[in-house]
Protein chains: 2
Amino acid sequence: MGHLDTKQQILDAAESLFAREGYQATSMRAITESAGVNLAAVNYHFGSKEALFEAIFERRLRPLNEVRQKRLKEIRDEAKRQGLKPAAGEILRAFIEPPLRFKESRKGEVDFTILIGRSFIDPDDTAQKIFFRLMKPFSRVMLEMLSEALPELSREAIFWRYQFVIGALARTMRIYKNPKFETMKVNLKPDLDSLIDSLISFAVAGMETTIGKCKDSPL
Amino acid sequence: MGHLDTKQQILDAAESLFAREGYQATSMRAITESAGVNLAAVNYHFGSKEALFEAIFERRLRPLNEVRQKRLKEIRDEAKRQGLKPAAGEILRAFIEPPLRFKESRKGEVDFTILIGRSFIDPDDTAQKIFFRLMKPFSRVMLEMLSEALPELSREAIFWRYQFVIGALARTMRIYKNPKFETMKVNLKPDLDSLIDSLISFAVAGMETTIGKCKDSPL
DNA sequence: AGATGTTTTAAACATTTGTTTAATAATCTT
DNA sequence: AAGATTATTAAACAAATGTTTAAAACATCT
């Protein structure tokens with residue numbers, strides 16, 4: 001078994017286990033046994049459990065955010081060319097669609113869809129820390145563009161509504177395709193296109209709404 | 001130190017630690033040391049770590065959902081008396097407001113605000129399992145009333161949009177009052193009234209929106 | 001082929017985990 | 001006050017944790 005194979009096997013196995021059980025609840029032995037490699041392999045190839053966790057995020061989150069950034073840039077350029085402000089719906093689609101469609105590409109990324117959904121709100125500090133660092137550059141651009149699309153909203157209002165959207169997206173990714181939610185009565189695996197459209201419509205409506213009371217409030 | 005004192009001390013300390021670190025990352029020794037009691041006290045009074053976790057949720061979630069249920073009942077009765085369907089905004093307020101105002105009442109419930117926010121999406125199975133069992137009765141009523149308020153929406157649409165709201169609420173509770181998010185530039189501790197109104201407006205707009213495309217879709 | 005560098009392996013490392021035990025202390029009952 | 005419950009304590013339990021080690025196996029290159 002070559003060098004790359006082992007690293008890959010570990011990444012895949014750990015990704016799946018972290019997604020299913022969470023960071024703390026996943027042991028090195030569970031990872032290495034699932035990957036079919038020696039216990040010491042993780043420390044040899046990645047250094048530590050935390051470094052492995054980071055590598056998993058690097059592998060998926062970087063290309064994911066690159067896709068999102070590219071789409072945001074296209075939206076911004078197109079809007080500038082037409083002299084209009086960018087549409088909130090398109091911005092939110094650039095944010096929401098890629099992670100939910102992630103699973104369609106390569107196998108194994110199904111697990112990351114769940115993992116990423118959890119990591120938005122994971123109570124574990126390790127997950128939170130790593131996730132934040134990798135998301136920060138993209139979040140800045142996202143907030144900027146939302147401000148352009150919704151200039152009547154304050155910085156605080158944009159920030160919080162963006163957080164609401166993040167929460168809704170995280171929840172969606174957390175329960176979509178998760179077998180543990182199968183006891184519920186409704187169909188949890190609807191047409192993905194419909195689900196995405198539904199979430200985007202929800203997010204756009206929420207983003208664009210005006211609040212009745214507390215007009216002088218910053219939110 | 002009397003019997004009740006010890007149990008209370010353990011509940012308070014564990015609640016705070018579970019909220020800050022998560023279930024798995026919190027050790028029995030950390031709990032008992034923080035509570036100023038003997039290590040064996042948790043097993044003696046509660047039986048196990050998991051049973052303690054459950055007790056924490058019982059203590060807070062039961063009265064919380066009782067308040068919410070009572071408000072839902074009032075809304076339903078009032079609507080029935082007027083021959084109208086209940087307003088989505090009022091229903092969502094009954095769901096959103098109590099947990100966010102939780103912290104205003106007794107001290108210590110600040111921690112539970114964070115803990116409950118995490119537990120909506122906690123990757124840990126223990127948290128998820130216990131939380132679901134305690135939420136199920138309320139969720140049923142909530143979905144019923146949302147169906148009454150928005151009769152043009154299908155069961156699936158109601159379910160998913162309710163999940164979106166849950167996600168947005170969880171995210172809000174997760175970051176509000178959480179010191180770890182203080183590096184961000186915006187003011188994370190706005191007026192609570194404004195924040196609640198903002199989230200409810202967001203949720204109502206999202207709930208009531210109609211989707212442009214995929215008109216024949218169940219969502 | 002032989003030497004060099006890399007990867008894998010099994011074993012042991014020192015901690016930490018949740019839980020249990022048996023003795024002591026405190027509280028309540030009669 | 002004596003006896004019977006109940007609560008607390010320190011110590012030890014077995015099991016699991018992430019990590020390190022040193023030898024073995026493999027690969028690569030001159």
# chains A, B, ... in the order shown; residues from 1 in each chain; ligands from 1
$ closest_atom_pairs --of "chain B" --to "chain C" --cutoff "12 Å" --atoms "only C-alpha atoms (C1' of nucleotides)" --output "CSV"
residue,atom,partner,partner_atom,distance
B:Met1,CA,C:DA26,C1',9.4
B:Gly2,CA,C:DT27,C1',9.1
B:His3,CA,C:DT27,C1',10.0
B:Gln24,CA,C:DT17,C1',10.5
B:Ala25,CA,C:DT17,C1',10.6
B:Thr26,CA,C:DT17,C1',10.5
B:Ser27,CA,C:DT17,C1',7.6
B:Met28,CA,C:DG18,C1',7.3
B:Arg29,CA,C:DT17,C1',9.5
B:Ala30,CA,C:DT17,C1',11.6
B:Leu39,CA,C:DT19,C1',10.1
B:Ala40,CA,C:DT19,C1',8.4
B:Ala41,CA,C:DT19,C1',11.3
B:Val42,CA,C:DT19,C1',10.3
B:Asn43,CA,C:DT19,C1',7.6
B:Tyr44,CA,C:DT19,C1',10.3
B:Gly47,CA,C:DT19,C1',9.6
B:Ser48,CA,C:DG18,C1',8.1
B:Lys49,CA,C:DG18,C1',7.7
B:Glu50,CA,C:DG18,C1',10.4
$ write_last_selection --atoms "C-alpha atoms" --output "mmCIF file, in the first residue's frame"
data_model
loop_
_atom_site.group_PDB
_atom_site.id
_atom_site.type_symbol
_atom_site.label_atom_id
_atom_site.label_comp_id
_atom_site.auth_asym_id
_atom_site.auth_seq_id
_atom_site.Cartn_x
_atom_site.Cartn_y
_atom_site.Cartn_z
ATOM 1 C CA MET B 1 -24.205 20.293 52.878
ATOM 2 C CA GLY B 2 -27.666 18.885 52.442
ATOM 3 C CA HIS B 3 -28.951 16.502 49.860
ATOM 4 C CA GLN B 24 -18.150 14.268 25.460
ATOM 5 C CA ALA B 25 -15.483 16.812 26.302
ATOM 6 C CA THR B 26 -16.754 17.297 29.833
ATOM 7 C CA SER B 27 -15.376 14.836 32.368
ATOM 8 C CA MET B 28 -16.915 13.736 35.606
ATOM 9 C CA ARG B 29 -13.920 15.103 37.450
ATOM 10 C CA ALA B 30 -14.348 18.517 35.898
ATOM 11 C CA LEU B 39 -16.250 12.526 42.400
ATOM 12 C CA ALA B 40 -18.664 9.761 43.306
ATOM 13 C CA ALA B 41 -21.516 12.183 43.965
ATOM 14 C CA VAL B 42 -22.768 12.195 40.392
ATOM 15 C CA ASN B 43 -23.073 8.427 40.232
ATOM 16 C CA TYR B 44 -24.657 8.339 43.644
ATOM 17 C CA GLY B 47 -26.623 7.075 38.432
ATOM 18 C CA SER B 48 -24.443 7.968 35.469
ATOM 19 C CA LYS B 49 -23.080 10.782 33.379
ATOM 20 C CA GLU B 50 -25.782 10.285 30.778
#
$ residues_around --residues "Glu58 in chain A" --least-positions-apart "2" --cutoff "12 Å" --atoms "only C-alpha atoms (C1' of nucleotides)" --output "list in words"
Leu11, Glu15, Ala51, Leu52, Phe53, Glu54, Ala55, Ile56, Arg60, Leu61, Arg62, Pro63, Leu64, Asn65, Glu66, Phe112, Ile116, Ile130, Phe131, Phe132, Arg133, Leu134 and Met135 of chain A
$ closest_residue --among "B:Glu21, B:Ile158, B:Ala14, B:Glu148" --to "chain A" --atoms "only C-alpha atoms"
B:Glu21
$ interface_residues --of "chain B" --to "chain A" --cutoff "6 Å" --atoms "only C-alpha atoms" --output "PyMOL selection string"
chain B and resi 22+123+164+167-168+171+201-202+205-206+211
$ interface_residues --of "chain D" --to "chain A" --cutoff "12 Å" --atoms "only C-alpha atoms (C1' of nucleotides)" --output "PyMOL selection string"
chain D and resi 16-21+25-27
$ select_by_dssp --residues "range 44-198 of chain B" --states "alpha helix (DSSP H)" --output "ChimeraX atom specification"
/B:44-45,49-82,88-101,109-119,125-149,155-175,192-198
